[in-house]
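Participant: For reference, the structure I am asking about is given below.
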Amino acid sequence: MTGFAADIAGEAEALRAYARLKRRRLLLISLLAVCALIVFLFDLGTGPAGIAPIEALYALAGFADLSAAQEVILWQLRLPVALMALLVGASLSLAGAEMQTVLANPLAEPFTLGVSNAAALGAALAIVLGLGGSWLPPQWLIAGNAFLFAAGSLMLIQLLARLSDAGTETLVLFGIALGFTASALLWLVQYMASADALQQIVFWSMGSLARTDWTVLPIAAAVLCVVAPFSLSAAWKLTALRLGEERAVSFGLDTRRLRLMALVRASLLAATSVAFVGVIGFVGLVAPHIARMLVGEDHRFFLPASLITGALTVSAASIATKLVVPGLMLPIGIVTALVGLPGFVWLVLRRHRRTR
Amino acid sequence: MSLNEDALLISGLTVAYGRRRIVQGLTLPPIPRGQVTALIGPNGAGKSTVLKAIARVIPSDGDLCLGSVDLRRLPPRQRASMIGYMPQALPQGTELTPLESVIIALRAGGETVGLDRRAAAVLARLGIAELALVPLDRLSGGERQLVSLAQAIARDPAVLFLDEPTSALDLAHVHQVMGLVKAAARKGAAVVIVLHDLSLAAQWTDQTIVLKSARLHSAGAPREVITPSMLADVYGFAARVEHLGESLFIIPETVPADPRHPSF
């Protein structure tokens, strides 16, 4: 062991290093935000209408002279979709980050816990039953039903866990079981559906930003703006949870309540996203892991970084949907799954290496 | 003010998992402030359960007072600021660093200013300031145990509960940690420590409480409690107990037969 004086030097040095580390994390978060903004502009500028990213920026600021058609394409088609990409990415990633923390499971996210399957089931039922009428357009009803099923599935998982007084691992298993059940029911609905409805269900479940317009955008934005501050205000408690359940309880934290509230927030975010854009998998899983690698697990940094990384990821995926097959916009769920799956495998392998 | 006036008093402690009662109506002798009390007993005697129950980490019934303060009635956060608890389990798979974990421990006590500086000072006190920013996952078991202790003692709590704090440590660190525990007691904390090493208990603690099947078997000064008859009765282990200065040695009477080593 080093002597007293050496310890003091180490202490001062540790403090300086920590101050540097905090500055670096803030810088990284700012850099992520700048990258997200740039990717967002490229997203606006990608597509067959010939609007360059820089023109898009000028047009947003009101300086560019675009043709009338370009104006419509930018404001009515591209901008809502590009903004929705940011919002959905941020929402799913924040939901995934909170779930991973409160379930103490690095593989937890709305998608792996069956929330997305439940939402797809809800949407499929709405499509098949042809609900809705003059008072409510069908696309709203589909979104609403998807939301109800997604939120309901997470509540059901909570309820089961509470009734059985089970730990977080059981909660995750319940989620997986529920996901499979929802999938099976979805197949049943698809099997019984008419050809038209079947096509609609399949396209819905693939996840697509193309359905976005200016009416749904404010809802997604409002949910994120309401939920995110609550997440951030719970940041230190969530960090404490990473030190272990017993430790957090010994700090006087009501971990049950903390867990419940975090899952309610995650449900709201995930259910809203899935309702409007369908199933977009793996963003909620991979983006928080990237954020964790960049800024560590102090949730004051980790949560904002996750949020921005998610926004950046989906925005980039949105560009890819337009580039992979020229002239065709692929469903974004396919892109995130194709890119996310290798990420998922890599995470599992990395975790395996570490625990050995 | 005598030490016993604000000792930790535990009576009628009952812990149940579902309908099964693990501990029933356990009353322990007063645990004075300024002293280190060892909780010993064989595996499954309920040491950790009792420690968790009095640290209020698991729900329990019974009276728990520090002097005239009823710890059960305090709001959780206020109680947490008086109690430091070090669990046996260490966190797994976290990127948090020792400094951050101690900052969180201080923050949980309701403090908001100068946390970084104070947390660094706590780490320095344990001689692990140089590990301040290494993710916990990359530390050895012993180092993580030191960080865990740092979280427990960070707020200088009035009561300190430690569950086998030295189980992963080498010889030098064992005695360093016991020295720190003793120092915390000298500052006025009531310390309860679960130990398996009876020699360590004899050397470093002021009072020893022996549990057998979640009941109080005996209690008192270590020298009086750790005797051949207690070892035979509680551990079912025949041994002589030899004292050498402060130290205590337990020498088995019958070496269990091992075919690879013919008896000498």
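Labels for the structure tokens follow display order: chains A, B, ..., residues from 1 in each chain, ligands from 1.
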Need the shell around Ser205 (chain A): protein/DNA/RNA residues with any atom at most 12 Å away, counting only C-alpha atoms. Skip same-chain ones fewer than 3 positions apart. Format as a ChimeraX atom specification?
Facilitator: /A:116-124,127,142-143,146,183,186-187,190,198-202,208-209,274-281,331-334
Participant: Neighbours of Gln78 (chain B) within 10 Å (only C-alpha atoms; same-chain residues fewer than 5 positions away dropped), as a count of residues only?
Facilitator: 7
Participant: Given a cut-off of 7 Å, which residues of chain B touch chain A, counting only C-alpha atoms, written out as a list in words?
Facilitator: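 The selection requested is Val57, Pro76, Arg77, Ala80, Tyr85, Pro87, Pro91, Thr94, Glu95, Leu96, Ile104, Ala105, Ala108, Asp116, Arg117, Ala120, Ala121, Ala124, Gly127, Ala129, Glu130 and Ala132 of chain B.
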Participant: Just give me the gap between CA of Phe161 (chain B) and CA of Gly18 (chain B) in Å, one decimal is fine.
Facilitator: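 Rounded to one decimal, the two atoms are 24.8 Å apart.
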Participant: Using only C-alpha atoms, pick whichever of A:Leu338, A:Val216, A:Ala291, A:Leu94 has the shortest atom-to-atom distance to Phe230 (chain A).
Facilitator: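 Checking each of A:Leu338, A:Val216, A:Ala291, A:Leu94 against Phe230 (chain A), counting only C-alpha atoms, the winner is A:Leu94.
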Participant: Can you pull out every residue from region 34-244 of chain B that DSSP, working from the backbone, puts in strand (DSSP E or B), and format the result as number ranges by chain?
Facilitator: B: 36-40, 61-66, 69-70, 83-86, 159-163, 190-194, 207-212, 215-220, 239-244
Participant: Write the residues you've just listed into a file as a compact mmCIF listing (two decimals), in the first residue's frame, and include C-alpha atoms for each of them.
Facilitator:
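To be explicit, this is the file written out as again_27.txt:
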```txt
# COMPACT_ATOMS: atom_id res chain seq x y z
CA VAL B 36 -17.02 -3.99 16.70
CA THR B 37 -19.43 -6.88 17.13
CA ALA B 38 -18.89 -10.13 15.23
CA LEU B 39 -21.80 -12.26 14.13
CA ILE B 40 -20.60 -15.84 13.76
CA ASP B 61 -40.80 -7.47 12.23
CA GLY B 62 -39.45 -6.62 15.64
CA ASP B 63 -37.88 -3.67 17.43
CA LEU B 64 -34.81 -1.94 16.10
CA CYS B 65 -33.59 1.10 18.01
CA LEU B 66 -30.43 3.11 18.08
CA VAL B 69 -34.29 6.47 17.97
CA ASP B 70 -36.66 3.91 16.51
CA ILE B 83 -26.98 2.92 8.25
CA GLY B 84 -24.10 1.72 6.11
CA TYR B 85 -24.56 -1.76 4.68
CA MET B 86 -22.09 -3.81 2.72
CA VAL B 159 -24.39 1.98 12.31
CA LEU B 160 -22.30 -0.17 10.02
CA PHE B 161 -23.33 -3.65 8.86
CA LEU B 162 -20.76 -5.67 6.95
CA ASP B 163 -21.43 -9.07 5.44
CA ALA B 190 -21.90 0.60 16.11
CA VAL B 191 -20.40 -2.07 13.85
CA VAL B 192 -21.81 -5.53 13.18
CA ILE B 193 -19.69 -7.77 11.01
CA VAL B 194 -20.45 -11.27 9.75
CA GLN B 207 -18.04 -8.68 21.18
CA THR B 208 -18.99 -11.94 19.53
CA ILE B 209 -22.53 -13.14 18.96
CA VAL B 210 -22.98 -16.80 18.04
CA LEU B 211 -26.01 -17.86 16.02
CA LYS B 212 -27.19 -21.44 15.67
CA ARG B 215 -31.28 -18.48 17.38
CA LEU B 216 -28.93 -16.81 19.80
CA HIS B 217 -26.51 -19.41 21.10
CA SER B 218 -24.12 -17.30 23.14
CA ALA B 219 -22.58 -13.84 23.26
CA GLY B 220 -19.76 -12.02 24.98
CA ALA B 239 -11.00 -28.65 18.35
CA ARG B 240 -8.66 -27.16 20.86
CA VAL B 241 -8.49 -23.38 21.22
CA GLU B 242 -5.07 -21.88 21.89
CA HIS B 243 -4.37 -18.25 22.72
CA LEU B 244 -1.17 -16.49 21.86
```
Participant: By how many Å are CA of Asp156 (chain B) and CA of Arg138 (chain B) apart?
Facilitator: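 Taking CA of Asp156 (chain B) as the start and CA of Arg138 (chain B) as the end point, the length is 27.2 Å.
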Participant: Near Leu248 (chain B), counting only C-alpha atoms, which residues have an atom at most 12 Å away, once you skip same-chain residues fewer than 4 positions from it, shown as number ranges by chain?
Facilitator: B: 197-204, 222-227, 240-244
Participant: Looking at B:Ala185, B:Leu99, B:Val147, B:Ala55, which one is nearest to Ser81 (chain B), with distances taken over only C-alpha atoms?
Facilitator: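 Once distances to Ser81 (chain B) are computed over only C-alpha atoms, the minimum belongs to B:Ala55.
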Participant: Just list the residues in region 23-246 of chain B DSSP gives alpha helix (DSSP H) on the backbone, as a PyMOL selection string.
Facilitator: chain B and resi 47-54+76-82+98-108+115-125+141-153+171-186+198-204+222-225+228-230
Participant: Of the residues A:Leu163, A:Leu260, A:Val283, A:Leu341, which is the one nearest to Val102 (chain A), using only C-alpha atoms?
Facilitator: A:Leu260
Participant: Just the number, please: distance in Å from CA of Met84 (chain A) to CA of Ala220 (chain A), one decimal.
Facilitator: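 Separation between CA of Met84 (chain A) and CA of Ala220 (chain A): 7.8 Å.
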Participant: Could you name the residues that touch Ala16 (chain B) at 12 Å or less, counting only C-alpha atoms, but leaving out those on the same chain fewer than 2 positions away, as a PyMOL selection string?
Facilitator: chain B and resi 13-14+18-25+46+49-50+53+58-62
Participant: Can you list, as a short mmCIF file (atom, residue, chain, number, x, y, z; two decimals) with N, CA and C atoms, in the first residue's frame, every protein, DNA or RNA residue that comes within 10 Å of Ile219 (chain A) when you count only C-alpha atoms, leaving out same-chain residues fewer than 4 positions away?
Facilitator:
```cif
data_model
loop_
_atom_site.label_atom_id
_atom_site.label_comp_id
_atom_site.auth_asym_id
_atom_site.auth_seq_id
_atom_site.Cartn_x
_atom_site.Cartn_y
_atom_site.Cartn_z
N TRP A 214 -47.94 15.35 -40.53
CA TRP A 214 -47.86 16.38 -39.50
C TRP A 214 -48.86 16.17 -38.37
N THR A 215 -49.83 15.27 -38.54
CA THR A 215 -50.80 15.10 -37.45
C THR A 215 -50.27 14.20 -36.34
N VAL A 223 -45.05 13.00 -26.21
CA VAL A 223 -44.78 11.89 -25.29
C VAL A 223 -43.31 11.91 -24.87
N LEU A 224 -42.43 12.08 -25.87
CA LEU A 224 -41.00 12.10 -25.54
C LEU A 224 -40.67 13.28 -24.62
N CYS A 225 -41.24 14.45 -24.91
CA CYS A 225 -40.93 15.64 -24.12
C CYS A 225 -41.47 15.53 -22.69
N THR A 272 -45.92 4.28 -28.06
CA THR A 272 -46.20 5.39 -28.97
C THR A 272 -45.45 5.20 -30.29
N SER A 273 -44.17 4.85 -30.18
CA SER A 273 -43.37 4.67 -31.41
C SER A 273 -43.95 3.58 -32.27
N PHE A 276 -47.16 4.37 -34.18
CA PHE A 276 -47.12 5.25 -35.35
C PHE A 276 -46.27 4.73 -36.49
#
```
Participant: Extract, using only C-alpha atoms, all DNA, RNA and protein residues at most 8 Å from Ala151 (chain A), discarding same-chain residues fewer than 4 positions from it, and format them as an NGL selection string.
Facilitator: :A and (115 or 147 or 155 or 267-268 or 271)
